[in-house]
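Visitor: Got a structure for you, written out below as structure tokens; questions coming shortly.
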Amino acid sequence: MQEPAYLEFRLQQQEKRTLYRCQPRYTFPLKVVENDFGYLIFSGNEIGRNGFRECIRYITDHYFDPHYDTGHLAVYDSTFMDKNLVPLIDAAYKPCKPMELDYSFDFYPASYIGLDELPKEFIDSLKPVCYHSMEATAGDFIKFATDWHFNKDTQVSISRENHDIYRLLTVMRNGYMNIHEQPFTYFNELLPYAKEFEKVTQVKSAGEFDTGKFKRLSTEIRKAADGILKRDFDVRGHRSLENMLNDSTVTFTVGSRKLNEVQKTALASGYALYLPENNKEATRHLLFCKADFEQGRIEGSSKPFGVRTYVIKDGLLCPLPEEKNTVKKTENKNRHNNNRLK
């Protein structure tokens with residue numbers, strides 16, 4: 001009767017035989033991807049080459065994803081090997097069916113390897129190949145995507161969604177869109193601004209160029225592109241307040257109160273909140289709060305906003321009684337008088 005430990009060893013060996021097609025050794029160099037999540041190590045064997053390619057493609061597709069912010073991306077080569085490193089090589093490979101080579105990989109943050117799990121000699125052996133800052137800007141994105149598109153090992157392509165985001169970020173950066181540019185999804189929506197630019201720029205002499213109008217149009221088209229970006233996408237670094245309020249991973253604290261998910265949903269729906277925790281001198285100006293979607297911030301006040309307002313009572317979100325959600329007429333009258341005196 002075979003021991004369980006021996007059976008497990010045999011199973012591991014059979015999996016490796018299938019995985020690496022009976023190759024007795026790893027092919028070098030190892031490819032190493034490093035970012036804020038940690039490290040992924042890929043062999044030079046077929047499974048490792050496919051894993052590296054899919055990893056770069058996955059990062060490209062999720063470049064603007066606020067829940068997949070890699071912080072930066074560095075790629076290294078290494079020829080280091082020891083027994084402690086072996087279980088970590090191609091660890092991102094997660095076959096759907098044992099003993100079958102189906103190229104399924106897991107690139108979630110939890111799949112990355114921490115620095116403290118790696119041999120120091122391995123870290124010292126890393127030879128830099130490239131580095132990307134991964135900022136959510138048009139320039140950083142197109143450099144990253146272009147570099148890996150022309151890399152024979154990855155040949156990434158840009159998805160339509162990322163292309164639209166890139167074009168909108170470009171308009172926001174330049175404050176301008178030429179009517180002769182290659183159209184994209186939102187080209188017609190921004191075209192009226194571009195036509196106005198055409199009228200301003202197509203002048204016979206420099207003296208006829210209206211600098212003031214050009215600056216005004218530049219501000220308007222930037223605002224329009226930003227509005228589309230926040231309306232139709234959820235881009236890290238450019239998130240709308242509504243998207244952040246609806247995101248359970250984002251924390252909002254107003255004065256002494258950390259908002260729960262129900263309170264965040266109420267704000268995202270356009271309602272106001274009454275926060276009795278803030279009924280003290282230092283935070284009374286935050287006794288009431290509501291979302292200002294135009295400015296992208298939570299607005300606080302010591303007085304009601306005149307919209308439906310909710311308060312947490314016995315753990316439940318309840319409508320605030322009308323008498324507490326109404327500005328007294330005498331107070332309102334005095335406020336108007338003070339405004340006139342100013």
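Ordering of the structure tokens sets the chain letters (A, B, ...); residue numbers start at 1 within each chain; ligands are numbered from 1 in the order shown.
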For Glu161 of chain A, please output as a ChimeraX atom specification all residues within 12 Å (counting only C-alpha atoms; exclusion window: fewer than 2 positions along the same chain).

Guide: /A:60-65,157-159,163-168,184-186,229,232-235

Visitor: Ser218 of chain A: which residues within 12 Å, counting only C-alpha atoms, same-chain residues fewer than 6 positions away excluded, as a list in words?

Guide: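 Surrounding residues, per the criterion: Val171, Met172, Arg173, Asn174, Gly175, Tyr176, Met177, Asn178, Leu190, Tyr193, Ala194, Glu196, Phe197, Val200, Thr211, Gly212, Ala224 and Ala225 of chain A.
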
Visitor: Which residues are near Asp36 of chain A? Cut-off 9 Å, only C-alpha atoms, ignore same chain within fewer than 2 positions. Put them as a list in words.

Guide: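 Contacts, in chain order: Glu34, Gly38, Tyr39, Asp69, Thr70, Gly71, His72, Leu73 and Pro109 of chain A.
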
Visitor: May I have the selected residues written with N, CA and C atoms, as a PDB file, in the first residue's frame?

Guide:
```pdb
ATOM      1  N   GLU A  34       7.105  42.671 -11.583  1.00  0.00           N
ATOM      2  CA  GLU A  34       7.029  43.227 -10.211  1.00  0.00           C
ATOM      3  C   GLU A  34       6.231  44.515 -10.224  1.00  0.00           C
ATOM      4  N   GLY A  38       3.327  42.765  -5.744  1.00  0.00           N
ATOM      5  CA  GLY A  38       4.379  41.806  -5.436  1.00  0.00           C
ATOM      6  C   GLY A  38       5.063  41.321  -6.709  1.00  0.00           C
ATOM      7  N   TYR A  39       5.392  40.016  -6.758  1.00  0.00           N
ATOM      8  CA  TYR A  39       6.153  39.441  -7.867  1.00  0.00           C
ATOM      9  C   TYR A  39       5.401  38.266  -8.495  1.00  0.00           C
ATOM     10  N   ASP A  69      -4.924  48.803  -9.517  1.00  0.00           N
ATOM     11  CA  ASP A  69      -3.873  49.821  -9.614  1.00  0.00           C
ATOM     12  C   ASP A  69      -2.536  49.197  -9.216  1.00  0.00           C
ATOM     13  N   THR A  70      -1.722  48.878 -10.197  1.00  0.00           N
ATOM     14  CA  THR A  70      -0.438  48.211  -9.929  1.00  0.00           C
ATOM     15  C   THR A  70       0.613  49.161  -9.355  1.00  0.00           C
ATOM     16  N   GLY A  71       0.354  50.471  -9.415  1.00  0.00           N
ATOM     17  CA  GLY A  71       1.312  51.440  -8.891  1.00  0.00           C
ATOM     18  C   GLY A  71       2.474  51.694  -9.830  1.00  0.00           C
ATOM     19  N   HIS A  72       3.096  50.638 -10.308  1.00  0.00           N
ATOM     20  CA  HIS A  72       4.176  50.717 -11.295  1.00  0.00           C
ATOM     21  C   HIS A  72       4.318  49.322 -11.883  1.00  0.00           C
ATOM     22  N   LEU A  73       5.160  49.172 -12.863  1.00  0.00           N
ATOM     23  CA  LEU A  73       5.428  47.847 -13.429  1.00  0.00           C
ATOM     24  C   LEU A  73       6.891  47.770 -13.823  1.00  0.00           C
ATOM     25  N   PRO A 109      -4.461  40.272  -7.417  1.00  0.00           N
ATOM     26  CA  PRO A 109      -3.409  40.691  -6.472  1.00  0.00           C
ATOM     27  C   PRO A 109      -2.980  39.594  -5.501  1.00  0.00           C
TER      28      PRO A 109
END
```

Visitor: According to DSSP computed on the backbone, where in segment 185-281 of chain A is there alpha helix (DSSP H)? Give the residues as JSON, numbers by chain.

Guide: {"A": [187, 188, 189, 190, 191, 192, 193, 194, 195, 196, 197, 198, 199, 200, 201, 211, 212, 213, 214, 215, 216, 217, 218, 219, 220, 221, 222, 223, 224, 225, 226, 227, 228, 229, 230, 231, 232, 241, 242, 243, 244, 245, 261, 262, 263, 264, 265, 266, 267, 268]}

Visitor: Please identify the strand (DSSP E) residues within segment 38-144 of chain A (assignment by DSSP from backbone atoms) and present them as an MDAnalysis selection string.

Guide: chainID A and resid 38:42 73:78 127:132

Visitor: Please identify all polymer residues within 12 Å of Glu242 of chain A, counting only C-alpha atoms, omitting same-chain residues fewer than 4 positions from it, and present them as a PyMOL selection string.

Guide: chain A and resi 230-234+238+246-248+250+264-270+290-298

Visitor: Between atom CA of Lys280 of chain A and atom CA of Met244 of chain A, what is the distance in Å, rounded to a tenth?

Guide: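 Computing the Euclidean distance for atom CA of Lys280 of chain A and atom CA of Met244 of chain A yields 27.8 Å.
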
Visitor: Please, what distance in Å, to one decimal, runs between atom CA of Pro29 of chain A and atom CA of Phe52 of chain A?

Guide: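 Pair atom CA of Pro29 of chain A / atom CA of Phe52 of chain A returns 12.3 Å.
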